[in-house]
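Take a look at the structure set out below.
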Amino acid sequence: MLERAPFGKTGHRSSRVIFGAAALGSMRQERADELLVLLDEFGINHLDTAADYGDSELRLAPWLANRRGDFFVATKTANRSGDGARASLERSLERMGIDQVDLIQLHNLVEPEDWEKAHGPGGAVEALARARDEGLCRFIGVTGHGLRIAAMHRRSLERFPFDSILLPYNYLLRADPGYRADLDAVLELCAERGVAVQTIKSVARRRWRDDSSSHYSWYEALPPGPAIQRAVSYVMGRRPLFLNSSSDGRLLRPILEAAVAASVIPPDGALAADAANLGMEPLFDGGALERI
């Protein structure tokens, strides 16, 4: 079974692998139900979805109908206006058939103009704080991609007491000096304030080089095997980080098995060898490759 740890100051002990329900976005309900069985097998008690993840919220609804109390439920809104964010949250509640989410997150809040709108008068932050006071959500978080997001999360935390952040984290990304400095700074701030830290892209290999076959994630993941074991251990060895599973549902079991077996952070030499042998490339470059 997966290790559990306090999810920041929320009072919830979450499985250290969070189910990335983006994997359900284009699945039939029957296939989704088969995948969700793994949550019980490995002890996952934290779900992460989003309004923009296709049919993901709808696929979770039958699972939550009789088991709402078994899971910490998180969703996201990409709306920056207060009215838009409120409507998005209400729609998510309706789609999942629940009265309250545990965590509502501002999705990919990285662009300065979006940031200003979301944090400004009549913006999403103000509206979600009001929704929290009304009981539609319990906590508020912020997420994002790219090399700029760690610095933007730090700025967000200085403006509003978010309960969680979510950002990319893997060996290649931390090898970038600028991102590593921003990452270390925001992680230190989160530790001081009891903010939960969720990581994504832990098993990323590179951006797709061809479109000759079906893709279940916008990036190519590592193949199941020792490299995934080391990549997952790279996150799991750093408590209290949480690892969000891939949007490629086929990788859920390999990731969970790697997480259960994880113990210590692999040496940099082994991770560098994986990067060289598998032709790994950073997903983001701070410029042309910032947007997914």
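Please note that chains go A, B, ... in the order of the structure tokens, that every chain numbers its residues from 1, and that ligands are numbered from 1 in the order shown.
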Using only C-alpha atoms, which protein or nucleic acid residues come within 12 Å of His12 of chain A? Drop anything in the same chain fewer than 4 positions from it, and give the result as an mmCIF file with C-alpha atoms, in the first residue's frame.
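File produced: selection-v6.cif:
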data_model
loop_
_atom_site.group_PDB
_atom_site.id
_atom_site.type_symbol
_atom_site.label_atom_id
_atom_site.label_comp_id
_atom_site.auth_asym_id
_atom_site.auth_seq_id
_atom_site.Cartn_x
_atom_site.Cartn_y
_atom_site.Cartn_z
ATOM 1 C CA ARG A 4 0.272 8.556 3.292
ATOM 2 C CA ALA A 5 1.341 11.978 4.501
ATOM 3 C CA PRO A 6 -0.273 15.219 5.696
ATOM 4 C CA PHE A 7 -1.504 17.224 2.705
ATOM 5 C CA GLY A 8 -0.170 20.531 3.921
ATOM 6 C CA ARG A 16 1.639 10.223 -1.738
ATOM 7 C CA ASN A 45 -7.411 8.320 -1.393
ATOM 8 C CA HIS A 46 -6.827 11.577 -3.308
ATOM 9 C CA GLY A 69 -16.063 10.149 2.157
ATOM 10 C CA ASP A 70 -13.258 7.855 1.028
ATOM 11 C CA PHE A 71 -11.527 10.444 -1.156
ATOM 12 C CA PHE A 72 -10.051 13.907 -1.038
ATOM 13 C CA VAL A 73 -11.467 15.384 -4.254
ATOM 14 C CA ASP A 102 -12.047 19.441 -0.979
ATOM 15 C CA LEU A 103 -9.757 21.500 -3.197
ATOM 16 C CA ARG A 138 -12.736 23.534 1.583
ATOM 17 C CA PHE A 139 -9.358 24.623 0.253
ATOM 18 C CA ASP A 163 -3.327 25.661 0.536
ATOM 19 C CA ALA A 196 1.082 21.051 0.130
#
Determine which residues of segment 24-256 of chain A receive a DSSP assignment of strand (DSSP E), computed from the backbone, and state them as a PyMOL selection string. chain A and resi 46-48+72-77+101-106+137-143+164-168+196-200+204-207+219-221+242-244
File dump, residues just selected, N, CA and C atoms, as a tab-separated table (two decimals), in the first residue's frame:
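Generated file (selection_21.tsv):
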chain	number	residue	atom	x	y	z
A	46	HIS	N	-6.85	10.17	-2.87
A	46	HIS	CA	-6.83	11.58	-3.31
A	46	HIS	C	-6.96	11.60	-4.83
A	47	LEU	N	-7.97	12.31	-5.34
A	47	LEU	CA	-8.27	12.38	-6.76
A	47	LEU	C	-8.03	13.80	-7.26
A	48	ASP	N	-7.42	13.94	-8.43
A	48	ASP	CA	-7.17	15.25	-9.00
A	48	ASP	C	-7.72	15.30	-10.41
A	72	PHE	N	-10.29	12.47	-0.97
A	72	PHE	CA	-10.05	13.91	-1.04
A	72	PHE	C	-10.18	14.26	-2.52
A	73	VAL	N	-11.15	15.10	-2.85
A	73	VAL	CA	-11.47	15.38	-4.25
A	73	VAL	C	-11.01	16.79	-4.62
A	74	ALA	N	-10.16	16.86	-5.64
A	74	ALA	CA	-9.65	18.14	-6.12
A	74	ALA	C	-10.02	18.32	-7.58
A	75	THR	N	-10.42	19.53	-7.93
A	75	THR	CA	-10.64	19.85	-9.33
A	75	THR	C	-9.98	21.20	-9.62
A	76	LYS	N	-10.13	21.69	-10.85
A	76	LYS	CA	-9.46	22.93	-11.25
A	76	LYS	C	-10.39	23.74	-12.15
A	77	THR	N	-10.15	25.05	-12.16
A	77	THR	CA	-10.82	25.92	-13.10
A	77	THR	C	-9.78	26.78	-13.81
A	101	VAL	N	-16.22	20.18	-3.12
A	101	VAL	CA	-14.90	19.61	-3.41
A	101	VAL	C	-13.99	19.97	-2.25
A	102	ASP	N	-13.01	19.14	-2.04
A	102	ASP	CA	-12.05	19.44	-0.98
A	102	ASP	C	-11.09	20.54	-1.41
A	103	LEU	N	-10.73	20.53	-2.70
A	103	LEU	CA	-9.76	21.50	-3.20
A	103	LEU	C	-10.16	21.99	-4.58
A	104	ILE	N	-10.24	23.31	-4.74
A	104	ILE	CA	-10.42	23.90	-6.06
A	104	ILE	C	-9.12	24.64	-6.39
A	105	GLN	N	-8.61	24.41	-7.59
A	105	GLN	CA	-7.31	24.97	-7.95
A	105	GLN	C	-7.43	25.87	-9.18
A	106	LEU	N	-6.69	26.97	-9.17
A	106	LEU	CA	-6.58	27.82	-10.35
A	106	LEU	C	-5.61	27.14	-11.30
A	137	CYS	N	-16.34	24.56	-1.41
A	137	CYS	CA	-14.99	23.97	-1.42
A	137	CYS	C	-14.39	24.18	-0.04
A	138	ARG	N	-13.38	23.41	0.28
A	138	ARG	CA	-12.74	23.53	1.58
A	138	ARG	C	-11.40	24.26	1.50
A	139	PHE	N	-10.68	24.04	0.40
A	139	PHE	CA	-9.36	24.62	0.25
A	139	PHE	C	-9.16	25.13	-1.17
A	140	ILE	N	-8.16	26.00	-1.33
A	140	ILE	CA	-7.88	26.62	-2.63
A	140	ILE	C	-6.40	26.46	-2.96
A	141	GLY	N	-6.13	26.02	-4.20
A	141	GLY	CA	-4.75	25.83	-4.63
A	141	GLY	C	-4.49	26.49	-5.97
A	142	VAL	N	-3.25	26.36	-6.43
A	142	VAL	CA	-2.84	26.95	-7.70
A	142	VAL	C	-1.90	25.98	-8.41
A	143	THR	N	-2.03	25.88	-9.73
A	143	THR	CA	-1.24	24.91	-10.49
A	143	THR	C	-0.57	25.59	-11.68
A	164	SER	N	-2.29	24.77	-1.49
A	164	SER	CA	-1.46	23.82	-2.23
A	164	SER	C	-0.96	24.46	-3.51
A	165	ILE	N	0.14	23.90	-4.01
A	165	ILE	CA	0.63	24.25	-5.34
A	165	ILE	C	0.85	22.95	-6.11
A	166	LEU	N	0.93	23.06	-7.42
A	166	LEU	CA	1.24	21.91	-8.28
A	166	LEU	C	2.15	22.42	-9.39
A	167	LEU	N	3.24	21.68	-9.65
A	167	LEU	CA	4.22	22.12	-10.63
A	167	LEU	C	5.07	20.96	-11.13
A	168	PRO	N	5.76	21.13	-12.27
A	168	PRO	CA	6.60	20.04	-12.81
A	168	PRO	C	7.82	19.79	-11.92
A	196	ALA	N	0.84	22.35	0.77
A	196	ALA	CA	1.08	21.05	0.13
A	196	ALA	C	1.69	21.26	-1.26
A	197	VAL	N	2.62	20.37	-1.65
A	197	VAL	CA	3.29	20.48	-2.95
A	197	VAL	C	3.02	19.21	-3.75
A	198	GLN	N	2.35	19.39	-4.89
A	198	GLN	CA	2.07	18.29	-5.81
A	198	GLN	C	2.99	18.42	-7.02
A	199	THR	N	3.49	17.29	-7.50
A	199	THR	CA	4.39	17.31	-8.65
A	199	THR	C	3.77	16.60	-9.84
A	200	ILE	N	4.11	17.09	-11.02
A	200	ILE	CA	3.67	16.49	-12.28
A	200	ILE	C	4.87	16.28	-13.18
A	204	ALA	N	8.13	11.96	-17.38
A	204	ALA	CA	8.22	12.48	-18.75
A	204	ALA	C	9.56	12.11	-19.39
A	205	ARG	N	9.49	11.73	-20.65
A	205	ARG	CA	10.70	11.44	-21.42
A	205	ARG	C	11.07	12.63	-22.32
A	206	ARG	N	10.10	13.09	-23.10
A	206	ARG	CA	10.31	14.23	-24.02
A	206	ARG	C	9.00	14.53	-24.71
A	207	ARG	N	8.97	15.58	-25.49
A	207	ARG	CA	7.82	15.85	-26.34
A	207	ARG	C	7.79	14.82	-27.47
A	219	TYR	N	2.83	14.52	-23.86
A	219	TYR	CA	4.26	14.25	-23.92
A	219	TYR	C	4.48	12.73	-23.92
A	220	GLU	N	5.64	12.33	-24.38
A	220	GLU	CA	6.00	10.91	-24.36
A	220	GLU	C	6.55	10.57	-22.99
A	221	ALA	N	6.03	9.52	-22.40
A	221	ALA	CA	6.49	9.10	-21.07
A	221	ALA	C	7.60	8.07	-21.17
A	242	PHE	N	4.17	15.23	-3.17
A	242	PHE	CA	3.18	14.29	-3.69
A	242	PHE	C	3.38	14.16	-5.19
A	243	LEU	N	3.14	12.96	-5.72
A	243	LEU	CA	3.32	12.68	-7.13
A	243	LEU	C	1.95	12.47	-7.77
A	244	ASN	N	1.62	13.27	-8.77
A	244	ASN	CA	0.38	13.08	-9.51
A	244	ASN	C	0.63	12.14	-10.68
Neighbour list for Ala22 of chain A as a VMD selection string, cut-off 8 Å, only C-alpha atoms, skip fewer than 4 positions in-chain: chain A and resid 48 to 50 53 to 54 56 246 to 247
Spatial neighbours of Leu64 of chain A, max dist 8 Å, only C-alpha atoms, sep filter under 3 positions, as a PyMOL selection string: chain A and resi 60-61+67-68+96-98
Give the answer as one residue: which of A:Leu147, A:Tyr169, A:Arg230, A:Leu89 has the shortest atom-to-atom distance to Gly135 of chain A, using only C-alpha atoms?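 For Gly135 of chain A, the nearest of the candidates is A:Leu89.
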How would you write, as a PyMOL selection string, the set of residues in segment 61-267 of chain A that DSSP gives as alpha helix (DSSP H)? chain A and resi 61-65+82-96+112-119+124-134+149-159+171-174+177-193+226-236+252-261
Residues of segment 80-135 of chain A that approach segment 268-291 of chain A to 12 Å or less, counting only C-alpha atoms: could you list each one with the shortest pair of atoms and its distance in Å to one decimal, rows by chain and increasing residue number, as a Markdown table?
| residue | atom | partner | partner_atom | distance |
| --- | --- | --- | --- | --- |
| A:Asn108 | CA | A:Arg291 | CA | 10.1 |
| A:Leu109 | CA | A:Arg291 | CA | 11.9 |
| A:Val110 | CA | A:Arg291 | CA | 10.1 |
| A:Glu111 | CA | A:Arg291 | CA | 10.3 |
For the atom pair atom CA of Gly82 of chain A and atom CA of Asp52 of chain A, what is the interatomic distance in Å to one decimal place? 17.2 Å
Per-residue nearest contacts of segment 233-265 of chain A to segment 35-42 of chain A (12 Å; only C-alpha atoms) as a Markdown table:
| residue | atom | partner | partner_atom | distance |
| --- | --- | --- | --- | --- |
| A:Ser245 | CA | A:Leu39 | CA | 11.4 |
| A:Asp248 | CA | A:Leu35 | CA | 11.1 |
| A:Gly249 | CA | A:Leu35 | CA | 7.4 |
| A:Arg250 | CA | A:Leu35 | CA | 8.8 |
| A:Leu251 | CA | A:Leu35 | CA | 10.5 |
| A:Leu252 | CA | A:Leu38 | CA | 8.1 |
| A:Arg253 | CA | A:Leu38 | CA | 7.3 |
| A:Pro254 | CA | A:Leu38 | CA | 11.0 |
| A:Ile255 | CA | A:Phe42 | CA | 10.8 |
| A:Leu256 | CA | A:Phe42 | CA | 7.1 |
| A:Glu257 | CA | A:Phe42 | CA | 8.4 |
| A:Ala258 | CA | A:Phe42 | CA | 11.3 |
| A:Ala259 | CA | A:Phe42 | CA | 9.7 |
| A:Val260 | CA | A:Phe42 | CA | 8.3 |
| A:Ala261 | CA | A:Phe42 | CA | 11.8 |
Measure the distance from atom CA of His215 of chain A to atom CA of Ala23 of chain A in Å and round it to one decimal.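 We find that atom CA of His215 of chain A and atom CA of Ala23 of chain A lie 11.5 Å from each other.
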Distance criterion (only C-alpha atoms): nearest to Asp182 of chain A out of A:Arg155, A:Gly237, A:Arg80, A:Glu90: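 Closest candidate: A:Arg155.
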Shell of 9 Å around Ala150 of chain A, only C-alpha atoms, local chain residues under 6 positions omitted, as a PDB file with C-alpha atoms, in the first residue's frame:
ATOM      1  CA  GLY A 144       0.953  25.419 -13.536  1.00  0.00           C
ATOM      2  CA  LEU A 167       4.221  22.123 -10.635  1.00  0.00           C
ATOM      3  CA  PRO A 168       6.598  20.037 -12.806  1.00  0.00           C
ATOM      4  CA  TYR A 179      14.296  26.542 -12.475  1.00  0.00           C
ATOM      5  CA  ARG A 180      16.094  24.756  -9.663  1.00  0.00           C
ATOM      6  CA  ASP A 182      13.055  29.104  -8.209  1.00  0.00           C
ATOM      7  CA  LEU A 183      11.900  25.626  -7.255  1.00  0.00           C
ATOM      8  CA  ASP A 184      14.015  25.490  -4.113  1.00  0.00           C
ATOM      9  CA  ALA A 185      12.782  28.933  -3.098  1.00  0.00           C
ATOM     10  CA  VAL A 186       9.103  28.073  -3.448  1.00  0.00           C
ATOM     11  CA  LEU A 187       9.572  24.695  -1.751  1.00  0.00           C
TER      12      LEU A 187
END
For atom CA of His107 of chain A and atom CA of Arg238 of chain A, quote the distance in Å rounded to one decimal. 24.3 Å
Calculated over only C-alpha atoms, which of the candidates A:Pro112, A:Pro267, A:Asp210, A:Glu192 has the smallest distance to Ser233 of chain A?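 Result for the nearest residue to Ser233 of chain A: A:Pro267.
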